[in-house]
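Raw structure.csv, CSV, C-alpha atoms:
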chain,number,residue,atom,x,y,z
R,645,MET,CA,4.1,22.6,-2.3
R,646,ALA,CA,6.0,24.4,0.5
R,647,ALA,CA,9.3,24.1,-1.4
R,648,SER,CA,8.2,26.2,-4.3
R,649,LYS,CA,7.6,29.2,-2.0
R,650,GLU,CA,11.3,29.8,-1.6
R,651,ARG,CA,12.6,28.4,-4.9
R,652,GLY,CA,16.3,28.3,-5.0
R,653,GLY,CA,16.6,28.7,-1.2
R,654,GLU,CA,17.5,26.0,1.2
R,655,LEU,CA,14.8,23.6,2.3
R,656,THR,CA,13.8,23.3,5.9
R,657,CYS,CA,13.5,19.8,7.4
R,658,GLN,CA,9.8,20.4,7.8
R,659,GLU,CA,9.5,21.1,4.0
R,660,LEU,CA,11.7,18.1,3.2
R,661,VAL,CA,9.5,15.6,5.1
R,662,GLU,CA,6.6,16.6,2.9
R,663,LEU,CA,8.7,16.0,-0.3
R,664,VAL,CA,10.0,12.5,0.6
R,665,THR,CA,7.5,10.5,-1.3
R,666,ASP,CA,7.7,12.6,-4.5
R,667,TYR,CA,11.5,12.4,-4.1
R,668,LEU,CA,11.5,8.6,-3.8
R,669,GLU,CA,9.0,8.3,-6.7
R,670,GLY,CA,11.2,10.4,-8.9
R,671,ALA,CA,8.3,12.9,-9.3
R,672,LEU,CA,10.1,16.1,-8.4
R,673,ASP,CA,11.4,18.5,-11.0
R,674,GLU,CA,15.2,18.6,-11.4
R,675,PRO,CA,16.0,21.7,-9.3
R,676,THR,CA,13.7,20.6,-6.4
R,677,SER,CA,15.2,17.1,-6.5
R,678,ALA,CA,18.7,18.6,-6.3
R,679,ARG,CA,17.7,20.8,-3.3
R,680,VAL,CA,16.4,17.7,-1.5
R,681,ALA,CA,19.7,15.8,-2.3
R,682,ALA,CA,21.7,18.8,-1.1
R,683,HIS,CA,19.7,19.0,2.2
R,684,LEU,CA,20.1,15.2,2.8
R,685,ALA,CA,23.9,15.4,2.3
R,686,ASP,CA,24.0,18.0,5.1
R,687,CYS,CA,21.3,16.9,7.6
R,688,ASP,CA,21.6,13.6,9.5
R,689,GLY,CA,18.1,13.9,10.9
R,690,CYS,CA,16.5,14.0,7.5
R,691,ALA,CA,18.9,11.4,6.1
R,692,ASP,CA,17.7,9.1,8.9
R,693,TYR,CA,14.1,10.1,8.2
R,694,VAL,CA,14.4,9.1,4.5
R,695,GLU,CA,16.1,5.9,5.4
R,696,GLU,CA,13.3,5.0,7.8
R,697,MET,CA,10.7,5.7,5.0
R,698,ARG,CA,12.6,3.3,2.8
R,699,ALA,CA,12.8,0.8,5.6
R,700,THR,CA,9.1,1.1,6.2
R,701,VAL,CA,8.3,0.5,2.5
R,702,SER,CA,10.7,-2.5,2.3
R,703,MET,CA,9.2,-4.0,5.5
R,704,LEU,CA,5.7,-3.7,4.0
R,705,GLY,CA,7.0,-5.7,1.0
R,706,ARG,CA,8.1,-8.5,3.3
R,707,VAL,CA,4.7,-8.8,5.2
R,708,GLU,CA,3.8,-12.5,5.1
R,709,THR,CA,0.4,-13.7,3.8
R,710,SER,CA,-0.8,-17.1,2.9
R,711,SER,CA,-2.2,-17.5,-0.6
R,712,LEU,CA,-5.1,-19.7,-1.8
R,713,ASP,CA,-4.7,-23.4,-0.9
R,714,GLN,CA,-5.1,-26.3,-3.3
R,715,ALA,CA,-8.7,-26.9,-2.2
R,716,ALA,CA,-9.7,-23.2,-2.9
R,717,LEU,CA,-8.1,-23.4,-6.3
R,718,ALA,CA,-9.9,-26.6,-7.1
R,719,GLU,CA,-13.2,-25.0,-6.1
R,720,LEU,CA,-12.6,-22.1,-8.4
R,721,MET,CA,-11.8,-24.3,-11.3
R,722,ALA,CA,-15.0,-26.3,-10.6
R,723,ALA,CA,-17.0,-23.1,-10.5
R,724,PHE,CA,-15.5,-21.9,-13.8
R,725,HIS,CA,-16.2,-25.3,-15.4
R,726,THR,CA,-19.8,-25.4,-14.1
R,727,PHE,CA,-20.5,-21.8,-15.2
R,728,HIS,CA,-19.5,-22.5,-18.8
R,729,THR,CA,-21.2,-25.9,-18.9
R,730,ASP,CA,-24.4,-24.3,-17.8
R,731,GLN,CA,-24.1,-21.6,-20.3
R,732,ARG,CA,-23.7,-24.1,-23.2
R,733,GLY,CA,-26.5,-26.4,-21.8
G,924,MET,CA,-1.2,-12.5,-24.1
G,925,LEU,CA,-3.3,-9.5,-25.2
G,926,ASP,CA,-6.2,-8.7,-22.9
G,927,ARG,CA,-8.8,-9.1,-25.6
G,928,GLU,CA,-7.5,-12.5,-26.5
G,929,LEU,CA,-7.4,-13.5,-22.8
G,930,VAL,CA,-11.0,-12.4,-22.3
G,931,GLU,CA,-12.1,-14.3,-25.4
G,932,ARG,CA,-10.5,-17.5,-24.2
G,933,LEU,CA,-12.1,-17.1,-20.8
G,934,ARG,CA,-15.5,-16.5,-22.3
G,935,ARG,CA,-15.1,-19.7,-24.4
G,936,GLY,CA,-14.5,-21.6,-21.1
G,937,ASP,CA,-10.7,-22.1,-21.6
G,938,GLU,CA,-9.8,-23.7,-18.2
G,939,GLN,CA,-6.1,-23.4,-18.8
G,940,ALA,CA,-6.4,-19.6,-19.3
G,941,PHE,CA,-8.4,-19.3,-16.1
G,942,ALA,CA,-6.0,-21.4,-14.1
G,943,GLU,CA,-3.1,-19.3,-15.3
G,944,ILE,CA,-4.6,-16.0,-14.2
G,945,VAL,CA,-5.8,-17.4,-10.9
G,946,VAL,CA,-2.3,-18.7,-10.1
G,947,ALA,CA,-0.6,-15.5,-11.3
G,948,TRP,CA,-2.9,-12.9,-9.7
G,949,SER,CA,-4.2,-14.6,-6.5
G,950,PRO,CA,-1.0,-14.0,-4.4
G,951,ILE,CA,-1.2,-10.3,-5.1
G,952,MET,CA,-4.9,-10.3,-4.4
G,953,VAL,CA,-4.5,-12.0,-1.0
G,954,ARG,CA,-1.8,-9.5,0.0
G,955,ILE,CA,-4.1,-6.6,-0.9
G,956,ALA,CA,-7.2,-8.1,0.7
G,957,ARG,CA,-5.3,-8.9,3.9
G,958,MET,CA,-4.6,-5.3,4.6
G,959,HIS,CA,-8.4,-4.5,4.7
G,960,VAL,CA,-9.6,-7.6,6.7
G,961,SER,CA,-8.6,-9.1,10.0
G,962,THR,CA,-7.4,-12.6,9.2
G,963,ASP,CA,-5.7,-14.6,6.5
G,964,ALA,CA,-8.7,-16.8,6.1
G,965,SER,CA,-10.9,-13.8,5.6
G,966,ALA,CA,-8.6,-12.5,3.0
G,967,GLN,CA,-8.7,-15.8,1.1
G,968,GLU,CA,-12.4,-15.8,1.2
G,969,VAL,CA,-12.5,-12.3,-0.3
G,970,VAL,CA,-10.2,-13.5,-3.1
G,971,GLN,CA,-12.3,-16.5,-3.8
G,972,GLU,CA,-15.5,-14.4,-3.9
G,973,THR,CA,-13.7,-12.0,-6.3
G,974,TRP,CA,-12.9,-14.8,-8.7
G,975,LEU,CA,-16.5,-16.0,-8.6
G,976,ALA,CA,-17.6,-12.4,-9.4
G,977,VAL,CA,-15.1,-12.3,-12.3
G,978,ILE,CA,-16.4,-15.6,-13.7
G,979,GLN,CA,-20.0,-14.3,-13.6
G,980,GLY,CA,-19.1,-10.8,-14.8
G,981,LEU,CA,-17.0,-11.8,-17.8
G,982,PRO,CA,-19.9,-12.0,-20.3
G,983,ARG,CA,-20.6,-8.3,-19.5
G,984,PHE,CA,-17.0,-7.2,-19.3
G,985,GLU,CA,-16.6,-4.2,-21.7
G,986,HIS,CA,-12.8,-3.6,-21.9
G,987,ARG,CA,-13.0,-0.2,-20.3
G,988,SER,CA,-9.9,-1.2,-18.3
G,989,SER,CA,-7.7,-4.3,-18.4
G,990,LEU,CA,-9.1,-7.5,-17.0
G,991,LYS,CA,-6.5,-7.4,-14.1
G,992,THR,CA,-7.5,-3.8,-13.3
G,993,TRP,CA,-11.1,-4.7,-13.2
G,994,ALA,CA,-10.5,-7.8,-11.0
G,995,LEU,CA,-8.4,-5.7,-8.6
G,996,ARG,CA,-11.2,-3.1,-8.4
G,997,ILE,CA,-13.7,-5.8,-7.5
G,998,LEU,CA,-11.3,-7.2,-5.0
G,999,THR,CA,-10.6,-3.8,-3.3
G,1000,ASN,CA,-14.3,-3.0,-3.0
G,1001,ARG,CA,-15.1,-6.3,-1.5
G,1002,ALA,CA,-12.2,-6.3,0.9
G,1003,ILE,CA,-13.0,-2.8,2.1
G,1004,SER,CA,-16.7,-3.7,2.8
G,1005,ARG,CA,-15.7,-6.9,4.5
G,1006,GLY,CA,-13.2,-5.0,6.6
G,1007,LEU,CA,-15.9,-2.5,7.6
G,1008,ARG,CA,-18.2,-5.3,8.8
G,1009,GLU,CA,-15.4,-6.8,10.8
G,1010,SER,CA,-14.2,-3.6,12.3
G,1011,ARG,CA,-17.6,-3.2,14.1
G,1012,THR,CA,-16.4,-6.0,16.3
G,1013,THR,CA,-12.7,-5.1,16.5
G,1014,PRO,CA,-11.8,-1.9,18.3
G,1015,MET,CA,-9.7,0.5,16.2
G,1016,SER,CA,-6.2,1.2,17.6
G,1017,SER,CA,-5.0,4.8,18.0
G,1018,LEU,CA,-1.6,4.1,16.6
G,1019,VAL,CA,-1.8,6.2,13.6
G,1020,PRO,CA,-1.9,10.0,13.4
G,1021,ALA,CA,-5.1,11.1,11.7
G,1022,ASP,CA,-3.7,13.5,9.1
G,1023,GLY,CA,-0.6,11.5,8.0
G,1024,ALA,CA,1.8,14.4,8.6
G,1025,VAL,CA,4.8,14.7,10.9
G,1026,ASP,CA,4.0,16.4,14.2
G,1027,PRO,CA,4.8,20.1,13.7
G,1028,ASP,CA,6.1,20.3,17.3
G,1029,ARG,CA,9.1,18.3,16.2
G,1030,PHE,CA,10.4,21.2,14.2
G,1031,HIS,CA,11.7,24.6,15.5
G,1032,SER,CA,9.0,27.3,15.1
G,1033,ALA,CA,9.3,30.5,13.1
G,1034,ASP,CA,10.5,32.6,16.1
G,1035,GLU,CA,13.3,30.2,16.9
G,1036,LYS,CA,16.8,30.1,15.5
G,1037,TRP,CA,16.4,27.3,12.9
G,1038,PRO,CA,12.8,27.6,11.9
G,1039,GLY,CA,11.5,24.4,10.2
G,1040,HIS,CA,14.5,22.3,11.3
G,1041,TRP,CA,14.3,19.3,13.6
G,1042,THR,CA,14.5,20.1,17.3
G,1043,PRO,CA,16.9,17.9,19.3
G,1044,LEU,CA,14.0,15.9,20.7
G,1045,GLY,CA,12.0,15.9,17.5
G,1046,ARG,CA,14.8,14.5,15.4
G,1047,PRO,CA,14.0,11.0,14.1
G,1048,ALA,CA,15.8,8.3,16.1
G,1049,PRO,CA,17.1,5.6,13.8
G,1050,LEU,CA,15.2,2.3,14.0
G,1051,ALA,CA,17.6,-0.4,15.1
G,1052,ASP,CA,18.3,-2.6,12.1
G,1053,ASP,CA,17.5,-6.3,12.8
G,1054,PRO,CA,18.1,-9.3,10.6
G,1055,GLU,CA,15.0,-9.9,8.6
G,1056,SER,CA,14.5,-13.4,10.0
G,1057,SER,CA,14.5,-12.4,13.7
G,1058,ALA,CA,11.5,-12.7,15.8
G,1059,LEU,CA,11.5,-9.0,16.4
G,1060,ALA,CA,11.3,-8.3,12.6
G,1061,ALA,CA,8.2,-10.5,12.4
G,1062,GLU,CA,6.7,-8.7,15.3
G,1063,ARG,CA,7.5,-5.4,13.8
G,1064,ARG,CA,5.8,-6.4,10.5
G,1065,ALA,CA,2.7,-7.5,12.4
G,1066,ALA,CA,2.6,-4.1,14.2
G,1067,LEU,CA,3.0,-2.5,10.8
G,1068,VAL,CA,0.0,-4.4,9.4
G,1069,ALA,CA,-2.0,-3.4,12.5
G,1070,ALA,CA,-1.1,0.2,11.9
G,1071,LEU,CA,-1.9,0.0,8.2
G,1072,GLN,CA,-5.4,-1.3,9.0
G,1073,CYS,CA,-6.0,1.9,11.0
G,1074,LEU,CA,-5.3,4.2,8.0
G,1075,PRO,CA,-8.2,5.9,6.2
G,1076,GLU,CA,-9.6,3.7,3.5
G,1077,ARG,CA,-8.0,5.3,0.4
G,1078,GLN,CA,-4.5,5.6,2.0
G,1079,ARG,CA,-4.8,2.0,3.0
G,1080,SER,CA,-5.8,0.9,-0.5
G,1081,VAL,CA,-2.9,2.7,-2.1
G,1082,VAL,CA,-0.2,1.5,0.4
G,1083,ALA,CA,-1.5,-2.0,0.2
G,1084,MET,CA,-1.4,-2.1,-3.6
G,1085,ARG,CA,1.9,-0.2,-4.0
G,1086,ASP,CA,4.0,-1.4,-1.0
G,1087,VAL,CA,2.5,-4.6,0.1
G,1088,ALA,CA,1.5,-6.1,-3.3
G,1089,GLY,CA,4.2,-4.3,-5.3
G,1090,LEU,CA,1.9,-2.9,-8.1
G,1091,THR,CA,3.1,0.1,-10.1
G,1092,SER,CA,1.6,3.5,-9.7
G,1093,VAL,CA,0.0,3.2,-13.2
G,1094,GLU,CA,-1.8,0.0,-12.1
G,1095,VAL,CA,-2.9,1.5,-8.8
G,1096,CYS,CA,-4.3,4.7,-10.5
G,1097,ALA,CA,-6.2,2.6,-13.0
G,1098,ALA,CA,-7.7,0.2,-10.4
G,1099,LEU,CA,-8.7,2.9,-7.9
G,1100,GLU,CA,-9.6,5.4,-10.6
G,1101,ILE,CA,-7.4,8.2,-9.2
G,1102,THR,CA,-4.9,10.6,-10.7
G,1103,PRO,CA,-1.2,10.1,-10.4
G,1104,VAL,CA,-0.9,13.2,-8.1
G,1105,ASN,CA,-3.7,12.0,-5.9
G,1106,GLN,CA,-2.0,8.5,-5.8
G,1107,ARG,CA,1.2,10.1,-4.5
G,1108,VAL,CA,-0.5,12.2,-1.9
G,1109,LEU,CA,-2.3,9.1,-0.5
G,1110,LEU,CA,0.9,7.1,-0.6
G,1111,HIS,CA,2.7,9.9,1.1
G,1112,ARG,CA,0.2,10.3,3.9
G,1113,GLY,CA,0.0,6.5,4.4
G,1114,ARG,CA,3.7,5.9,4.5
G,1115,THR,CA,4.3,8.9,6.8
G,1116,ALA,CA,1.8,7.7,9.3
G,1117,LEU,CA,3.2,4.1,9.2
G,1118,ARG,CA,6.7,5.3,9.7
G,1119,ALA,CA,5.5,7.4,12.7
G,1120,ALA,CA,3.6,4.4,14.1
G,1121,LEU,CA,6.8,2.2,13.9
G,1122,GLU,CA,8.8,5.0,15.6
G,1123,ARG,CA,6.3,5.3,18.3
G,1124,LEU,CA,6.3,1.6,19.0
G,1125,HIS,CA,10.1,1.5,18.9
G,1126,ARG,CA,10.4,4.4,21.4
G,1127,ARG,CA,8.0,2.6,23.7
G,1128,GLY,CA,10.2,-0.5,23.4
G,1129,GLU,CA,7.5,-2.6,22.0
G,1130,VAL,CA,9.1,-3.5,18.7

Represent the structure from my file as structure tokens, please.
Amino acid sequence: MAASKERGGELTCQELVELVTDYLEGALDEPTSARVAAHLADCDGCADYVEEMRATVSMLGRVETSSLDQAALAELMAAFHTFHTDQRG
Amino acid sequence: MLDRELVERLRRGDEQAFAEIVVAWSPIMVRIARMHVSTDASAQEVVQETWLAVIQGLPRFEHRSSLKTWALRILTNRAISRGLRESRTTPMSSLVPADGAVDPDRFHSADEKWPGHWTPLGRPAPLADDPESSALAAERRAALVAALQCLPERQRSVVAMRDVAGLTSVEVCAALEITPVNQRVLLHRGRTALRAALERLHRRGEV
């Protein structure tokens, strides 16, 4: 990626935003990860950016959905039962 | 329980085994399906249909993947096609940038003093942090789901499985039959676009 072009040099913010997910996933090699950490220690804009990515992910984890109700579960159990009874019969 | 043992029990018609996986996997399945379709009811129907397909497909299941992976693949395919049918009647929003990258205009260009660094206007504004229970937080999550539904299909699938349903990257790669690198690229584009959508709404004062 962009970072490898100037290995050892300082990352720009534009390069950093492309590395955020790999960084959060622990998928960067050690030197690149260290350069990301060094940039974040020095750059409030990027530190906020990474924080917002984390906040977005955690908000996605809190999205509320309703799971199957008892009636739906009962229907599925009945379908399972019927399928196997039919197979035997 | 080993996957082969589980499948054997299900093939024998073991209702307890079936009840266990339905209870364990359905909440995750609903969360994934909901990101592709427009209502909770619709997501629940997709999950029910998926279980019926699992029941009918079990005799031919060949252990090329785990049972859960196979079920999640069926679920995703069904949820995506249902979402496509629904979206013909629901106009797509333009919340989400198409390429999942940060707008290059937000960085200084090569001929400026700090090439590649945030411009004063481009710098991300911190999103105000609200307590999780507030009405605003609920509104913001709803906006986030709306934005997620506008993502390209593969990005949407990966973000739904990883971030909404909490599956691991290994599980997602298996279910979607993609490489780890590809999974991270899709996750990155999806998350980048969603963060941008939230920021845009926040700047407009909507959430």

- Message: When you look at Arg932 of chain G with a cut-off of 12 Å (counting all atoms listed in the file), what residues show up, excluding the ones that are within fewer than 5 positions of it in the same chain? I need them as a PyMOL selection string.
- Response: (chain R and resi 728) or (chain G and resi 924-927+937-944+981-982)

- Message: So, with all atoms listed in the file as the atoms that count, which of R:Cys657, R:Asp713, R:Cys687, R:Glu674 lies closest to chain G?
- Response: R:Cys657

Where does chain G meet chain R within 6 Å, residue by residue, with the nearest atom pair and distance in Å to one decimal for each, counting all atoms listed in the file, listed by chain and rising number, as a Markdown table?
| residue | atom | partner | partner_atom | distance |
| --- | --- | --- | --- | --- |
| G:Gly936 | CA | R:His728 | CA | 5.6 |
| G:Pro950 | CA | R:Ser711 | CA | 5.3 |
| G:Val953 | CA | R:Ser711 | CA | 6.0 |
| G:Gly1039 | CA | R:Gln658 | CA | 5.0 |
| G:His1040 | CA | R:Cys657 | CA | 4.7 |
| G:Arg1046 | CA | R:Gly689 | CA | 5.6 |
| G:Pro1047 | CA | R:Gly689 | CA | 6.0 |
| G:Arg1064 | CA | R:Val707 | CA | 5.9 |
| G:Asp1086 | CA | R:Gly705 | CA | 5.6 |
| G:Val1087 | CA | R:Gly705 | CA | 4.7 |
| G:His1111 | CA | R:Thr665 | CA | 5.4 |
| G:Arg1118 | CA | R:Thr700 | CA | 6.0 |

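With atom CA of Ile955 of chain G on one side and atom CA of Ala1083 of chain G on the other, the separation reads 5.4 Å.
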
- Residue with smallest distance to Ala1098 of chain G - pool G:Thr962, G:Ser1004, G:Ser949, G:Thr999, counting only C-alpha atoms: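 Ranked by minimum distance to Ala1098 of chain G, first place goes to G:Thr999.
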
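Residues near the point (21.3, 24.1, 2.1), at a distance of 7 Å or less over all atoms listed in the file, make up Glu654, Leu655, Ala682 and His683 of chain R.
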
I'd like the neighbourhood of Gly1045 of chain G as a CSV table (one decimal) with C-alpha atoms, in the coordinates of the input, where a residue qualifies if any of its atoms comes within 7 Å (using all atoms listed in the file), though same-chain residues fewer than 3 positions away should be ignored.
chain,number,residue,atom,x,y,z
G,1029,ARG,CA,9.1,18.3,16.2
G,1030,PHE,CA,10.4,21.2,14.2
G,1041,TRP,CA,14.3,19.3,13.6
G,1042,THR,CA,14.5,20.1,17.3

- Spatial neighbours of Ala1002 of chain G, 7 Å, all atoms listed in the file, chain gap at least 3 places, as a list in words: Ala956, His959, Val960, Val969, Leu998, Thr999, Arg1005 and Gly1006 of chain G

- Query: What gap, in Å, lies between atom CA of Ile978 of chain G and atom CA of Gln1072 of chain G?
  - Reply: 29.0 Å

- Message: Between atom CA of Cys1073 of chain G and atom CA of Ala1116 of chain G, what is the distance in Å, rounded to a tenth?
- Response: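 Distance reported for this atom pair: 9.9 Å.
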
My structure is short of atoms at segment 657-685 of chain R; please model N, CA and C atoms there, returning them as a JSON list (two decimals), keeping the file's coordinate frame.
[["chain", "number", "residue", "atom", "x", "y", "z"],
["R", 657, "CYS", "N", 13.79, 21.22, 7.19],
["R", 657, "CYS", "CA", 13.50, 19.80, 7.40],
["R", 657, "CYS", "C", 11.97, 19.58, 7.32],
["R", 658, "GLN", "N", 11.21, 20.56, 7.80],
["R", 658, "GLN", "CA", 9.80, 20.40, 7.80],
["R", 658, "GLN", "C", 9.23, 20.37, 6.33],
["R", 659, "GLU", "N", 9.89, 21.13, 5.45],
["R", 659, "GLU", "CA", 9.50, 21.10, 4.00],
["R", 659, "GLU", "C", 9.95, 19.74, 3.42],
["R", 660, "LEU", "N", 11.14, 19.33, 3.80],
["R", 660, "LEU", "CA", 11.70, 18.10, 3.20],
["R", 660, "LEU", "C", 10.81, 16.88, 3.50],
["R", 661, "VAL", "N", 10.31, 16.76, 4.74],
["R", 661, "VAL", "CA", 9.50, 15.60, 5.10],
["R", 661, "VAL", "C", 8.25, 15.49, 4.21],
["R", 662, "GLU", "N", 7.81, 16.64, 3.72],
["R", 662, "GLU", "CA", 6.60, 16.60, 2.90],
["R", 662, "GLU", "C", 6.96, 16.25, 1.41],
["R", 663, "LEU", "N", 8.24, 16.27, 1.07],
["R", 663, "LEU", "CA", 8.70, 16.00, -0.30],
["R", 663, "LEU", "C", 9.22, 14.56, -0.47],
["R", 664, "VAL", "N", 9.32, 13.84, 0.66],
["R", 664, "VAL", "CA", 10.00, 12.50, 0.60],
["R", 664, "VAL", "C", 9.43, 11.59, -0.41],
["R", 665, "THR", "N", 8.12, 11.46, -0.42],
["R", 665, "THR", "CA", 7.50, 10.50, -1.30],
["R", 665, "THR", "C", 7.71, 10.87, -2.77],
["R", 666, "ASP", "N", 7.47, 12.13, -3.08],
["R", 666, "ASP", "CA", 7.70, 12.60, -4.50],
["R", 666, "ASP", "C", 9.16, 12.38, -4.85],
["R", 667, "TYR", "N", 10.05, 12.60, -3.89],
["R", 667, "TYR", "CA", 11.50, 12.40, -4.10],
["R", 667, "TYR", "C", 11.77, 10.92, -4.45],
["R", 668, "LEU", "N", 11.27, 10.03, -3.59],
["R", 668, "LEU", "CA", 11.50, 8.60, -3.80],
["R", 668, "LEU", "C", 10.83, 8.09, -5.07],
["R", 669, "GLU", "N", 9.73, 8.73, -5.46],
["R", 669, "GLU", "CA", 9.00, 8.30, -6.70],
["R", 669, "GLU", "C", 9.59, 8.93, -7.93],
["R", 670, "GLY", "N", 10.58, 9.79, -7.77],
["R", 670, "GLY", "CA", 11.20, 10.40, -8.90],
["R", 670, "GLY", "C", 10.20, 11.44, -9.57],
["R", 671, "ALA", "N", 9.31, 12.02, -8.76],
["R", 671, "ALA", "CA", 8.30, 12.90, -9.30],
["R", 671, "ALA", "C", 8.60, 14.38, -9.14],
["R", 672, "LEU", "N", 9.76, 14.69, -8.54],
["R", 672, "LEU", "CA", 10.10, 16.10, -8.40],
["R", 672, "LEU", "C", 10.81, 16.63, -9.63],
["R", 673, "ASP", "N", 10.66, 17.94, -9.88],
["R", 673, "ASP", "CA", 11.40, 18.50, -11.00],
["R", 673, "ASP", "C", 12.90, 18.55, -10.59],
["R", 674, "GLU", "N", 13.75, 18.71, -11.58],
["R", 674, "GLU", "CA", 15.20, 18.60, -11.40],
["R", 674, "GLU", "C", 15.73, 19.53, -10.27],
["R", 675, "PRO", "N", 15.41, 20.85, -10.31],
["R", 675, "PRO", "CA", 16.00, 21.70, -9.30],
["R", 675, "PRO", "C", 15.52, 21.34, -7.86],
["R", 676, "THR", "N", 14.23, 20.97, -7.70],
["R", 676, "THR", "CA", 13.70, 20.60, -6.40],
["R", 676, "THR", "C", 14.42, 19.32, -5.89],
["R", 677, "SER", "N", 14.57, 18.38, -6.81],
["R", 677, "SER", "CA", 15.20, 17.10, -6.50],
["R", 677, "SER", "C", 16.66, 17.39, -6.01],
["R", 678, "ALA", "N", 17.34, 18.31, -6.69],
["R", 678, "ALA", "CA", 18.70, 18.60, -6.30],
["R", 678, "ALA", "C", 18.76, 19.30, -4.93],
["R", 679, "ARG", "N", 17.75, 20.12, -4.62],
["R", 679, "ARG", "CA", 17.70, 20.80, -3.30],
["R", 679, "ARG", "C", 17.47, 19.73, -2.20],
["R", 680, "VAL", "N", 16.64, 18.74, -2.51],
["R", 680, "VAL", "CA", 16.40, 17.70, -1.50],
["R", 680, "VAL", "C", 17.73, 16.91, -1.30],
["R", 681, "ALA", "N", 18.41, 16.57, -2.40],
["R", 681, "ALA", "CA", 19.70, 15.80, -2.30],
["R", 681, "ALA", "C", 20.70, 16.63, -1.49],
["R", 682, "ALA", "N", 20.76, 17.95, -1.75],
["R", 682, "ALA", "CA", 21.70, 18.80, -1.10],
["R", 682, "ALA", "C", 21.41, 18.85, 0.44],
["R", 683, "HIS", "N", 20.12, 18.96, 0.77],
["R", 683, "HIS", "CA", 19.70, 19.00, 2.20],
["R", 683, "HIS", "C", 20.11, 17.66, 2.87],
["R", 684, "LEU", "N", 19.83, 16.55, 2.17],
["R", 684, "LEU", "CA", 20.10, 15.20, 2.80],
["R", 684, "LEU", "C", 21.58, 15.02, 3.03],
["R", 685, "ALA", "N", 22.41, 15.59, 2.15],
["R", 685, "ALA", "CA", 23.90, 15.40, 2.30],
["R", 685, "ALA", "C", 24.34, 16.14, 3.58]]
